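Structure below is run_4.cif: mmCIF, C-alpha atoms.
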data_start
#
loop_
_atom_site.label_atom_id
_atom_site.label_comp_id
_atom_site.auth_asym_id
_atom_site.auth_seq_id
_atom_site.Cartn_x
_atom_site.Cartn_y
_atom_site.Cartn_z
CA MET A 1 73.11 78.35 123.68
CA PHE A 2 70.90 75.27 124.01
CA LYS A 3 72.49 73.70 120.91
CA LEU A 4 75.98 74.25 122.30
CA LYS A 5 74.97 72.53 125.52
CA ASN A 6 73.59 69.59 123.54
CA LYS A 7 76.82 69.29 121.53
CA ALA A 8 78.89 69.38 124.70
CA ALA A 9 76.69 66.68 126.21
CA TYR A 10 77.07 64.47 123.11
CA ILE A 11 80.84 64.92 123.08
CA THR A 12 81.09 64.13 126.80
CA ALA A 13 78.92 61.05 126.39
CA GLY A 14 81.02 59.90 123.45
CA LEU A 15 84.25 60.29 125.39
CA ILE A 16 82.80 58.39 128.36
CA PHE A 17 81.64 55.60 126.05
CA LEU A 18 85.04 55.44 124.34
CA GLN A 19 86.84 55.33 127.69
CA HIS A 20 84.45 52.62 128.90
CA THR A 21 85.02 50.59 125.73
CA LEU A 22 88.81 50.85 125.95
CA SER A 23 88.89 50.05 129.65
CA PHE A 24 86.92 46.87 129.06
CA ALA A 25 88.74 45.84 125.89
CA ALA A 26 89.33 42.12 125.76
CA PRO A 27 92.92 41.05 126.48
CA VAL A 28 95.00 39.68 123.64
CA GLU A 29 94.99 35.90 123.82
CA LEU A 30 98.38 34.42 123.00
CA SER A 31 99.60 30.92 122.41
CA LEU A 32 103.30 30.17 122.18
CA GLN A 33 103.07 30.13 118.39
CA ASP A 34 101.20 33.45 118.41
CA SER A 35 103.99 35.04 120.44
CA ILE A 36 106.61 33.74 118.02
CA THR A 37 104.60 34.92 115.01
CA TYR A 38 104.22 38.45 116.44
CA ALA A 39 107.93 38.61 117.24
CA LEU A 40 108.96 37.51 113.74
CA LYS A 41 106.56 40.00 112.20
CA ASN A 42 107.11 43.06 114.37
CA ASN A 43 110.55 42.93 115.99
CA PRO A 44 112.92 45.46 114.36
CA SER A 45 115.91 43.08 114.42
CA ILE A 46 114.42 40.82 111.76
CA HIS A 47 113.77 43.80 109.49
CA ILE A 48 117.30 45.11 110.03
CA ALA A 49 118.70 41.73 108.96
CA GLY A 50 116.41 41.84 105.91
CA GLU A 51 117.76 45.24 104.88
CA ASP A 52 121.32 43.95 105.22
CA LYS A 53 120.41 41.11 102.89
CA LYS A 54 118.99 43.55 100.33
CA ARG A 55 122.18 45.59 100.49
CA SER A 56 124.28 42.51 99.81
CA GLU A 57 122.09 41.66 96.82
CA PHE A 58 122.65 45.13 95.40
CA SER A 59 126.40 44.66 95.80
CA VAL A 60 126.19 41.68 93.43
CA ASP A 61 124.68 43.92 90.75
CA GLU A 62 127.44 46.42 91.39
CA THR A 63 130.23 43.88 90.91
CA LYS A 64 128.57 42.37 87.82
CA ALA A 65 128.77 45.79 86.19
CA GLY A 66 132.52 45.23 85.92
CA ASN A 67 131.89 42.81 83.04
CA LYS A 68 129.75 45.28 81.11
CA PRO A 69 130.69 48.28 78.98
CA THR A 70 130.41 51.81 80.34
CA VAL A 71 129.30 54.80 78.26
CA SER A 72 129.86 58.44 79.15
CA LEU A 73 128.72 61.63 77.49
CA GLY A 74 130.65 64.87 77.97
CA SER A 75 130.06 68.45 76.93
CA SER A 76 132.07 71.59 77.36
CA TYR A 77 131.63 75.26 76.49
CA ASP A 78 134.58 77.63 76.00
CA TYR A 79 134.52 81.39 75.55
CA GLN A 80 137.52 83.48 74.50
CA GLY A 81 137.43 87.23 74.40
CA SER A 82 139.90 89.53 72.56
CA SER A 83 140.15 93.09 71.37
CA ASP A 84 139.53 91.96 67.78
CA LYS A 85 136.80 89.36 68.06
CA ASP A 86 135.13 87.25 70.70
CA LYS A 87 135.10 83.48 70.11
CA ASP A 88 133.16 80.70 71.73
CA SER A 89 133.03 76.96 71.10
CA PHE A 90 130.80 74.08 72.13
CA ASN A 91 132.36 70.58 72.26
CA ASN A 92 130.73 67.17 72.78
CA SER A 93 132.14 63.70 73.23
CA LEU A 94 130.77 60.17 73.60
CA ARG A 95 133.02 57.47 75.00
CA MET A 96 132.63 53.73 75.57
CA ASN A 97 134.98 51.50 77.56
CA TRP A 98 134.74 47.76 78.02
CA GLN A 99 137.16 45.70 80.06
CA LEU A 100 137.32 42.36 78.28
CA TYR A 101 139.70 40.64 80.68
CA SER A 102 140.76 41.60 84.21
CA GLY A 103 142.95 38.65 85.08
CA GLY A 104 140.03 37.00 86.89
CA LYS A 105 139.54 39.87 89.36
CA THR A 106 136.00 40.80 88.31
CA GLU A 107 134.80 37.20 88.27
CA ALA A 108 136.24 36.59 91.75
CA ARG A 109 134.58 39.72 93.09
CA ILE A 110 131.23 38.64 91.66
CA GLU A 111 131.54 35.23 93.30
CA GLN A 112 132.57 36.88 96.56
CA ALA A 113 129.53 39.18 96.46
CA GLN A 114 127.28 36.17 95.86
CA ILE A 115 128.83 34.51 98.90
CA GLY A 116 127.99 37.70 100.81
CA VAL A 117 124.33 37.32 99.82
CA ARG A 118 124.34 33.75 101.07
CA SER A 119 125.91 34.84 104.35
CA ALA A 120 123.37 37.65 104.74
CA ASP A 121 120.58 35.16 104.12
CA LEU A 122 121.98 33.00 106.90
CA GLN A 123 122.16 36.06 109.13
CA VAL A 124 118.42 36.55 108.60
CA GLU A 125 117.90 32.94 109.62
CA LYS A 126 120.17 33.37 112.64
CA THR A 127 118.16 36.44 113.71
CA ARG A 128 114.92 34.53 113.18
CA GLN A 129 116.08 31.66 115.38
CA GLN A 130 117.21 34.06 118.12
CA LEU A 131 113.80 35.77 118.04
CA ILE A 132 112.07 32.40 118.33
CA LEU A 133 114.17 31.62 121.39
CA ASP A 134 113.55 35.06 122.92
CA ALA A 135 109.80 34.86 122.38
CA THR A 136 109.68 31.30 123.72
CA THR A 137 111.76 32.16 126.80
CA ASN A 138 109.67 35.25 127.54
CA TYR A 139 106.45 33.29 127.04
CA TYR A 140 107.57 30.65 129.53
CA SER A 141 108.75 33.38 131.91
CA VAL A 142 105.21 34.79 131.99
CA LEU A 143 103.81 31.32 132.69
CA GLU A 144 106.41 30.76 135.42
CA ALA A 145 105.59 34.12 137.03
CA LYS A 146 101.88 33.36 136.79
CA ASN A 147 102.37 30.00 138.52
CA MET A 148 104.59 31.56 141.20
CA GLN A 149 101.91 34.15 141.81
CA ALA A 150 99.39 31.33 142.31
CA VAL A 151 101.77 29.56 144.71
CA ASN A 152 102.11 32.71 146.82
CA GLU A 153 98.37 33.40 146.70
CA GLU A 154 97.76 29.89 148.05
CA SER A 155 100.34 30.46 150.78
CA VAL A 156 98.61 33.70 151.85
CA ALA A 157 95.21 32.00 151.82
CA ASN A 158 96.47 29.05 153.92
CA LEU A 159 98.17 31.30 156.47
CA LYS A 160 95.10 33.55 156.75
CA ALA A 161 92.92 30.49 157.32
CA HIS A 162 95.35 29.35 160.02
CA LEU A 163 95.30 32.84 161.56
CA ASP A 164 91.52 32.59 161.87
CA ILE A 165 91.93 29.29 163.74
CA VAL A 166 94.58 30.76 166.05
CA GLN A 167 92.42 33.80 166.79
CA ALA A 168 89.47 31.55 167.58
CA LYS A 169 91.65 29.52 169.94
CA TYR A 170 92.87 32.74 171.53
CA GLN A 171 89.28 33.87 172.10
CA GLU A 172 88.60 30.50 173.74
CA GLY A 173 91.65 30.98 175.94
CA VAL A 174 93.54 27.94 174.64
CA ALA A 175 96.15 29.88 172.61
CA ALA A 176 98.59 32.54 173.71
CA LYS A 177 98.72 36.09 172.33
CA ALA A 178 102.21 35.32 170.99
CA GLU A 179 100.73 32.67 168.70
CA VAL A 180 98.35 35.26 167.22
CA LEU A 181 101.15 37.77 166.72
CA ARG A 182 103.40 35.17 165.11
CA SER A 183 100.60 34.11 162.76
CA GLU A 184 99.99 37.73 161.77
CA VAL A 185 103.69 38.16 161.01
CA GLU A 186 103.68 35.04 158.82
CA VAL A 187 100.67 36.36 156.90
CA ALA A 188 102.39 39.74 156.41
CA ASN A 189 105.57 38.06 155.17
CA ALA A 190 103.58 35.90 152.77
CA GLU A 191 101.79 38.98 151.44
CA GLN A 192 105.18 40.61 150.81
CA ASN A 193 106.23 37.61 148.76
CA LEU A 194 102.96 37.77 146.86
CA ILE A 195 103.58 41.43 145.99
CA LYS A 196 107.01 40.50 144.64
CA ALA A 197 105.51 37.66 142.61
CA GLN A 198 102.89 40.00 141.14
CA ASN A 199 105.58 42.48 140.18
CA GLN A 200 107.66 39.70 138.61
CA TYR A 201 104.63 38.75 136.52
CA GLU A 202 104.23 42.33 135.27
CA LEU A 203 107.93 42.48 134.36
CA ALA A 204 107.71 39.17 132.50
CA VAL A 205 104.71 40.42 130.51
CA ALA A 206 106.60 43.63 129.67
CA ASP A 207 109.56 41.62 128.35
CA LEU A 208 107.26 39.52 126.17
CA LEU A 209 105.53 42.62 124.79
CA THR A 210 108.92 44.18 124.01
CA THR A 211 110.02 41.11 122.07
CA MET A 212 106.77 41.16 120.11
CA ASN A 213 107.13 44.95 119.66
CA MET A 214 103.64 45.53 121.05
CA ASP A 215 102.41 48.45 123.14
CA ALA A 216 103.54 48.20 126.77
CA GLY A 217 99.99 48.70 128.01
CA THR A 218 98.60 45.73 126.10
CA GLU A 219 96.82 43.23 128.33
CA VAL A 220 97.65 39.64 127.44
CA GLN A 221 96.19 36.31 128.40
CA LEU A 222 98.33 33.25 127.71
CA GLN A 223 96.55 30.13 126.53
CA GLY A 224 99.26 27.60 127.36
CA GLU A 225 100.54 26.12 130.58
CA LEU A 226 103.95 24.99 131.78
CA ASN A 227 103.99 21.27 131.15
CA TYR A 228 106.38 18.43 130.47
CA GLN A 229 106.82 16.75 127.09
CA ALA A 230 109.63 14.23 126.88
CA ASP A 231 112.48 14.96 124.45
CA THR A 232 113.90 11.79 122.90
CA ARG A 233 116.89 13.33 121.09
CA SER A 234 120.32 12.04 122.05
CA LEU A 235 123.33 14.29 122.55
CA GLN A 236 125.10 12.72 119.57
CA GLU A 237 122.10 13.34 117.31
CA ALA A 238 121.90 16.94 118.47
CA MET A 239 125.62 17.48 117.79
CA ALA A 240 125.43 16.02 114.29
CA PHE A 241 122.35 18.07 113.42
CA ALA A 242 123.96 21.29 114.67
CA ARG A 243 127.09 20.79 112.55
CA GLN A 244 124.93 20.63 109.43
CA ASN A 245 122.21 23.16 110.18
CA ARG A 246 123.46 25.84 112.56
CA PRO A 247 123.66 29.12 110.57
CA GLU A 248 126.93 30.11 112.24
CA ALA A 249 128.57 26.87 111.06
CA VAL A 250 127.54 27.49 107.46
CA GLN A 251 128.57 31.15 107.72
CA ALA A 252 132.01 30.09 108.93
CA GLN A 253 132.47 27.94 105.83
CA LEU A 254 131.31 30.82 103.64
CA SER A 255 133.92 33.04 105.28
CA ILE A 256 136.56 30.54 104.19
CA ASP A 257 135.18 30.61 100.63
CA SER A 258 135.18 34.42 100.62
CA ALA A 259 138.78 34.52 101.87
CA GLU A 260 139.72 32.14 99.06
CA LYS A 261 138.27 34.62 96.57
CA ASP A 262 140.45 37.35 98.09
CA ILE A 263 143.50 35.27 97.16
CA LYS A 264 142.28 35.06 93.56
CA ILE A 265 141.67 38.81 93.50
CA ALA A 266 145.20 39.47 94.71
CA GLU A 267 146.67 37.00 92.21
CA SER A 268 144.84 38.71 89.33
CA ASN A 269 147.33 41.58 89.57
CA LYS A 270 149.97 39.21 88.14
CA ARG A 271 147.96 38.80 84.94
CA PRO A 272 147.34 41.23 82.06
CA SER A 273 144.16 43.22 81.57
CA VAL A 274 142.54 43.90 78.19
CA SER A 275 140.08 46.69 77.36
CA LEU A 276 138.11 47.84 74.33
CA SER A 277 137.31 51.50 73.82
CA ALA A 278 135.44 53.67 71.30
CA SER A 279 134.83 57.41 71.17
CA THR A 280 133.42 60.13 69.00
CA GLY A 281 133.37 63.92 69.24
CA TRP A 282 131.78 66.89 67.52
CA ASP A 283 131.78 70.66 67.81
CA ASP A 284 129.15 73.39 67.83
CA ARG A 285 126.21 71.04 67.43
CA LEU A 286 123.76 69.35 69.76
CA LEU A 287 123.92 66.01 67.91
CA PRO A 288 126.73 64.46 65.82
CA ASP A 289 126.53 64.28 62.01
CA ASN A 290 128.41 62.31 59.37
CA ASP A 291 131.46 64.52 59.74
CA ALA A 292 131.94 63.68 63.43
CA ASN A 293 135.30 62.25 64.43
CA TRP A 294 135.34 58.76 65.88
CA SER A 295 137.82 56.11 66.94
CA VAL A 296 137.90 52.50 68.11
CA GLY A 297 140.80 50.86 69.92
CA ALA A 298 141.95 48.06 72.16
CA SER A 299 144.51 48.26 74.93
CA ALA A 300 146.34 45.80 77.10
CA SER A 301 148.44 46.33 80.21
CA TRP A 302 150.60 44.00 82.25
CA ASN A 303 152.19 45.03 85.49
CA ILE A 304 155.56 43.28 85.16
CA PHE A 305 157.14 44.70 88.33
CA ASP A 306 155.36 46.42 91.24
CA ALA A 307 158.14 46.30 93.86
CA GLY A 308 156.47 43.35 95.65
CA VAL A 309 153.04 44.91 96.20
CA THR A 310 151.15 42.02 94.59
CA LYS A 311 153.15 39.42 96.51
CA SER A 312 152.38 41.24 99.75
CA GLN A 313 148.67 41.35 98.91
CA ILE A 314 148.67 37.61 98.17
CA ASN A 315 150.40 36.88 101.47
CA GLN A 316 147.82 38.98 103.33
CA ALA A 317 144.96 37.18 101.60
CA GLU A 318 146.46 33.78 102.43
CA SER A 319 146.84 34.82 106.06
CA SER A 320 143.18 35.88 106.14
CA PHE A 321 142.27 32.51 104.61
CA ASN A 322 144.12 30.65 107.37
CA LYS A 323 142.46 32.86 109.97
CA ALA A 324 139.01 32.05 108.53
CA ARG A 325 139.75 28.32 108.79
CA LEU A 326 140.81 28.67 112.42
CA GLU A 327 137.71 30.76 113.21
CA ALA A 328 135.53 28.08 111.60
CA GLU A 329 137.09 25.49 113.89
CA GLN A 330 136.53 27.76 116.87
CA THR A 331 132.90 28.29 115.85
CA ALA A 332 132.35 24.54 115.59
CA ASN A 333 133.71 24.06 119.13
CA THR A 334 131.48 26.86 120.46
CA ILE A 335 128.41 25.34 118.80
CA GLU A 336 129.15 21.92 120.29
CA GLN A 337 129.56 23.46 123.73
CA GLU A 338 126.22 25.29 123.43
CA VAL A 339 124.49 22.08 122.36
CA ARG A 340 126.06 20.10 125.19
CA GLN A 341 125.22 22.74 127.80
CA SER A 342 121.58 23.09 126.72
CA TYR A 343 121.14 19.32 126.48
CA LEU A 344 122.62 18.61 129.92
CA ASN A 345 120.66 21.46 131.53
CA MET A 346 117.46 20.09 129.99
CA LYS A 347 118.18 16.60 131.31
CA GLU A 348 119.02 17.97 134.76
CA ALA A 349 115.69 19.82 134.90
CA GLU A 350 113.95 16.64 133.76
CA LYS A 351 115.43 14.71 136.71
CA ARG A 352 114.40 17.48 139.10
CA LEU A 353 110.83 17.25 137.80
CA GLN A 354 110.66 13.60 138.78
CA THR A 355 111.46 14.43 142.41
CA THR A 356 109.64 17.74 142.82
CA GLU A 357 106.28 16.28 141.80
CA VAL A 358 106.57 13.64 144.56
CA THR A 359 107.78 16.27 147.02
CA VAL A 360 104.77 18.51 146.36
CA ASN A 361 102.35 15.64 147.09
CA LYS A 362 104.13 14.80 150.34
CA ALA A 363 104.29 18.47 151.38
CA ASN A 364 100.54 18.85 150.78
CA GLU A 365 99.85 15.84 152.98
CA ASP A 366 102.24 17.10 155.66
CA LEU A 367 100.52 20.50 155.79
CA TYR A 368 97.09 18.87 156.10
CA ILE A 369 98.30 16.74 158.99
CA ALA A 370 99.89 19.74 160.73
CA GLN A 371 96.71 21.78 160.36
CA GLU A 372 94.46 19.03 161.68
CA THR A 373 96.71 18.13 164.59
CA TYR A 374 96.96 21.82 165.53
CA LYS A 375 93.19 22.06 165.57
CA ALA A 376 93.15 19.05 167.89
CA GLY A 377 95.79 20.65 170.09
CA ALA A 378 98.42 18.00 169.35
CA ALA A 379 100.75 20.24 167.27
CA THR A 380 102.29 23.66 167.69
CA ASN A 381 101.91 26.84 165.70
CA LEU A 382 105.46 26.37 164.43
CA ASP A 383 104.62 22.95 163.00
CA VAL A 384 102.03 24.55 160.70
CA PHE A 385 104.42 27.30 159.59
CA ASP A 386 107.17 24.80 158.83
CA ALA A 387 104.79 22.64 156.83
CA GLN A 388 103.49 25.66 154.89
CA LEU A 389 107.05 26.81 154.14
CA ALA A 390 107.98 23.33 152.96
CA LEU A 391 104.96 23.21 150.66
CA THR A 392 105.69 26.65 149.19
CA GLN A 393 109.30 25.66 148.58
CA ALA A 394 108.29 22.35 147.01
CA LYS A 395 105.87 24.04 144.62
CA THR A 396 108.44 26.73 143.82
CA ASN A 397 111.00 24.05 142.97
CA HIS A 398 108.48 22.25 140.77
CA VAL A 399 107.57 25.41 138.85
CA GLN A 400 111.26 26.28 138.45
CA ALA A 401 112.05 22.79 137.16
CA LEU A 402 109.22 22.99 134.61
CA TYR A 403 110.46 26.38 133.46
CA ASP A 404 114.08 25.26 133.23
CA TYR A 405 113.13 22.15 131.27
CA ASN A 406 111.08 24.00 128.67
CA VAL A 407 113.52 26.89 128.29
CA ASN A 408 116.56 24.63 127.93
CA LYS A 409 114.65 22.55 125.43
CA ALA A 410 114.10 25.74 123.41
CA LYS A 411 117.78 26.64 123.83
CA LEU A 412 118.71 23.20 122.52
CA ASP A 413 116.56 23.80 119.43
CA LYS A 414 118.36 27.08 118.82
CA ALA A 415 121.80 25.59 119.49
CA MET A 416 121.07 22.84 116.96
CA GLY A 417 119.66 25.19 114.35
CA ALA A 418 116.41 23.26 114.44
CA GLY A 419 113.70 24.72 112.26
CA ALA A 420 116.28 26.58 110.24
CA GLY A 421 114.60 25.80 106.95
CA THR A 422 116.70 25.37 103.84
CA LEU A 423 120.21 26.51 104.63
#
Output the file's structure in the form of structure tokens.
Amino acid sequence: MFKLKNKAAYITAGLIFLQHTLSFAAPVELSLQDSITYALKNNPSIHIAGEDKKRSEFSVDETKAGNKPTVSLGSSYDYQGSSDKDKDSFNNSLRMNWQLYSGGKTEARIEQAQIGVRSADLQVEKTRQQLILDATTNYYSVLEAKNMQAVNEESVANLKAHLDIVQAKYQEGVAAKAEVLRSEVEVANAEQNLIKAQNQYELAVADLLTTMNMDAGTEVQLQGELNYQADTRSLQEAMAFARQNRPEAVQAQLSIDSAEKDIKIAESNKRPSVSLSASTGWDDRLLPDNDANWSVGASASWNIFDAGVTKSQINQAESSFNKARLEAEQTANTIEQEVRQSYLNMKEAEKRLQTTEVTVNKANEDLYIAQETYKAGAATNLDVFDAQLALTQAKTNHVQALYDYNVNKAKLDKAMGAGAGTL
């Protein structure tokens, strides 16, 4: 009984120690590059794109088999029963067939499958770039929410400090009860905004963890800060880069090439096909001997008239080719619009930054003056609240401008296909 009690005590102590260790586990420190690396490593979308690429590579092997001989082995057993005598037989055959010429159909299909591999490779790159943008946006969203939480915490602290001053004045008989009540309401409203900011921070962290495919309960600590780094790229440079490097632009051209191969495949039906065949067969034995029958032959076929089927197939392929060209043009226009939108939004946020920084400094000074003049009895309670509201709004605008600048800069990178590697 004593030993059982000791074991129970050890187990309980171990569980308490484990719980204590887990509860005080250090948060995961993340830089922007760390967040991107985790997303590229763990997010299922990049692995799905990789499997699609593998499948397209296997399809190349499948189409290449059309240029190689095929060999088949067949066996059959037959039993015949009669009133005189039962009879059974065992037959084997070995056949080889090799299509020597298909009118160019097999070669076109191989080239088309290889184009499919290239397109799948670009799809992997497209997925990678989207994940980089998602991780970057989510990372900046956490920083934005963190800064907004700090702005609201400062607002609560300032209003509570002012409430203490108002209450002291009320105790001295130089402030009305209404001023105290109004100050308490302002504090309560500020605390409500702080709660919302804290919740927004938790949601932003959850989005980042989802993108990185990490456990929702993981505690993170971001190493970076929202800051401003000037971007010297011009709109024309961004446009030119995107036309050459955006995966969708290259994929659109590959779609044209693939459609062109469909025309060749359809046209191959107008040409003859040539095959080589060989076969051997033997009876009542497991393996053939010198008496086995065998044959070798060549055959050719040419579809002289098919009631217009081939012509219809060619027309369909040509229509698909024209459609692919139009879609490529449409894709190019879409890419240019994305580049232009991201670039202009980035520049707009940059201009806002120049004004919000000045506004924050002035709002800080205005609040200080309002607080001091209220203490001296030369300003009203409302003057302090207005100044605090103006400061909170100025800091909110500054944080939002920083966020918009960095996010639109990341969107511009994605719209350009920057960092796409070798396409």
Worksheet entry | Residue with smallest distance to Arg243 in chain A - pool A:Gln337, A:Ser155, A:Asn315, A:Ser279, counting all atoms listed in the file |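 Of A:Gln337, A:Ser155, A:Asn315, A:Ser279, the one nearest Arg243 in chain A, counting all atoms listed in the file, is A:Gln337.
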Polymer residues at most 12 Å from (128.2, 37.3, 101.4) by only C-alpha atoms, as a ChimeraX atom specification: /A:52-60,109-123,250-259,261
Just so the selection is clear, what residues does the PyMOL selection byres ((chain A and resi 210-212) around 7) cover here, as a list in words?
Ser35, Tyr38, Ala39, Asn42, Asn43, Ala135, Ala206, Asp207, Leu208, Leu209, Asn213 and Met214 of chain A
Would you mind exporting the chosen residues as a tab-separated table (two decimals), keeping the file's coordinate frame, restricted to C-alpha atoms?
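The result, written out as result.tsv:
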chain	number	residue	atom	x	y	z
A	35	SER	CA	103.99	35.04	120.44
A	38	TYR	CA	104.22	38.45	116.44
A	39	ALA	CA	107.93	38.61	117.24
A	42	ASN	CA	107.11	43.06	114.37
A	43	ASN	CA	110.55	42.93	115.99
A	135	ALA	CA	109.80	34.86	122.38
A	206	ALA	CA	106.60	43.63	129.67
A	207	ASP	CA	109.56	41.62	128.35
A	208	LEU	CA	107.26	39.52	126.17
A	209	LEU	CA	105.53	42.62	124.79
A	213	ASN	CA	107.13	44.95	119.66
A	214	MET	CA	103.64	45.53	121.05
So which residues touch Ala249 in chain A within 8 Å, counting only C-alpha atoms, skipping near sequence neighbours fewer than 5 positions away, as a list of chain:residue names?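 That gives A:Arg243, A:Gln244, A:Ala328, A:Thr331, A:Ala332, A:Ile335.
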Just to confirm, what's the straight-line distance from CA of Glu144 in chain A to CA of Val28 in chain A in Å (one decimal)?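 Atom-to-atom, CA of Glu144 in chain A to CA of Val28 in chain A, that is 18.7 Å.
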Might you spell out which residues the PyMOL selection byres ((chain A and resi 366) around 12) would select in the displayed file, as a JSON list (two decimals) with C-alpha atoms, in the coordinates of the input?
[["chain", "number", "residue", "atom", "x", "y", "z"],
["A", 359, "THR", "CA", 107.78, 16.27, 147.02],
["A", 360, "VAL", "CA", 104.77, 18.51, 146.36],
["A", 361, "ASN", "CA", 102.35, 15.64, 147.09],
["A", 362, "LYS", "CA", 104.13, 14.80, 150.34],
["A", 363, "ALA", "CA", 104.29, 18.47, 151.38],
["A", 364, "ASN", "CA", 100.54, 18.85, 150.78],
["A", 365, "GLU", "CA", 99.85, 15.84, 152.98],
["A", 367, "LEU", "CA", 100.52, 20.50, 155.79],
["A", 368, "TYR", "CA", 97.09, 18.87, 156.10],
["A", 369, "ILE", "CA", 98.30, 16.74, 158.99],
["A", 370, "ALA", "CA", 99.89, 19.74, 160.73],
["A", 371, "GLN", "CA", 96.71, 21.78, 160.36],
["A", 372, "GLU", "CA", 94.46, 19.03, 161.68],
["A", 373, "THR", "CA", 96.71, 18.13, 164.59],
["A", 383, "ASP", "CA", 104.62, 22.95, 163.00],
["A", 384, "VAL", "CA", 102.03, 24.55, 160.70],
["A", 385, "PHE", "CA", 104.42, 27.30, 159.59],
["A", 386, "ASP", "CA", 107.17, 24.80, 158.83],
["A", 387, "ALA", "CA", 104.79, 22.64, 156.83],
["A", 388, "GLN", "CA", 103.49, 25.66, 154.89],
["A", 389, "LEU", "CA", 107.05, 26.81, 154.14],
["A", 390, "ALA", "CA", 107.98, 23.33, 152.96],
["A", 391, "LEU", "CA", 104.96, 23.21, 150.66],
["A", 394, "ALA", "CA", 108.29, 22.35, 147.01]]
*What gap, in Å, lies between CA of Gln99 in chain A and CA of Ser312 in chain A?*
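Distance between the two atoms: 25.3 Å.
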Please write N, CA and C atoms of range 262-278 of chain A, from the structure given just now, as an mmCIF file, in the first residue's frame.
data_model
loop_
_atom_site.group_PDB
_atom_site.id
_atom_site.type_symbol
_atom_site.label_atom_id
_atom_site.label_comp_id
_atom_site.auth_asym_id
_atom_site.auth_seq_id
_atom_site.Cartn_x
_atom_site.Cartn_y
_atom_site.Cartn_z
ATOM 1 N N ASP A 262 -2.062 20.591 -80.103
ATOM 2 C CA ASP A 262 -3.361 19.961 -80.381
ATOM 3 C C ASP A 262 -3.688 20.014 -81.868
ATOM 4 N N ILE A 263 -3.299 21.088 -82.529
ATOM 5 C CA ILE A 263 -3.517 21.179 -83.981
ATOM 6 C C ILE A 263 -2.709 20.103 -84.700
ATOM 7 N N LYS A 264 -1.457 19.917 -84.286
ATOM 8 C CA LYS A 264 -0.615 18.888 -84.902
ATOM 9 C C LYS A 264 -1.175 17.481 -84.652
ATOM 10 N N ILE A 265 -1.707 17.277 -83.460
ATOM 11 C CA ILE A 265 -2.300 15.969 -83.150
ATOM 12 C C ILE A 265 -3.503 15.705 -84.048
ATOM 13 N N ALA A 266 -4.326 16.722 -84.237
ATOM 14 C CA ALA A 266 -5.495 16.554 -85.110
ATOM 15 C C ALA A 266 -5.070 16.338 -86.560
ATOM 16 N N GLU A 267 -4.056 17.054 -87.007
ATOM 17 C CA GLU A 267 -3.586 16.914 -88.391
ATOM 18 C C GLU A 267 -2.934 15.561 -88.657
ATOM 19 N N SER A 268 -2.447 14.890 -87.610
ATOM 20 C CA SER A 268 -1.789 13.597 -87.800
ATOM 21 C C SER A 268 -2.749 12.548 -88.348
ATOM 22 N N ASN A 269 -4.050 12.759 -88.151
ATOM 23 C CA ASN A 269 -5.031 11.794 -88.656
ATOM 24 C C ASN A 269 -5.116 11.798 -90.181
ATOM 25 N N LYS A 270 -4.522 12.825 -90.828
ATOM 26 C CA LYS A 270 -4.500 12.872 -92.291
ATOM 27 C C LYS A 270 -3.324 12.082 -92.862
ATOM 28 N N ARG A 271 -2.442 11.625 -91.994
ATOM 29 C CA ARG A 271 -1.236 10.938 -92.453
ATOM 30 C C ARG A 271 -1.343 9.445 -92.145
ATOM 31 N N PRO A 272 -0.532 8.626 -92.826
ATOM 32 C CA PRO A 272 -0.575 7.174 -92.571
ATOM 33 C C PRO A 272 0.119 6.819 -91.269
ATOM 34 N N SER A 273 -0.184 5.639 -90.771
ATOM 35 C CA SER A 273 0.523 5.093 -89.606
ATOM 36 C C SER A 273 1.113 3.749 -89.986
ATOM 37 N N VAL A 274 2.310 3.460 -89.458
ATOM 38 C CA VAL A 274 3.040 2.241 -89.794
ATOM 39 C C VAL A 274 3.399 1.510 -88.505
ATOM 40 N N SER A 275 3.162 0.195 -88.491
ATOM 41 C CA SER A 275 3.450 -0.609 -87.294
ATOM 42 C C SER A 275 4.204 -1.867 -87.676
ATOM 43 N N LEU A 276 5.005 -2.355 -86.734
ATOM 44 C CA LEU A 276 5.725 -3.616 -86.873
ATOM 45 C C LEU A 276 5.215 -4.557 -85.794
ATOM 46 N N SER A 277 4.985 -5.817 -86.195
ATOM 47 C CA SER A 277 4.464 -6.779 -85.227
ATOM 48 C C SER A 277 5.191 -8.107 -85.356
ATOM 49 N N ALA A 278 5.229 -8.869 -84.284
ATOM 50 C CA ALA A 278 5.817 -10.210 -84.262
ATOM 51 C C ALA A 278 5.064 -11.027 -83.232
#
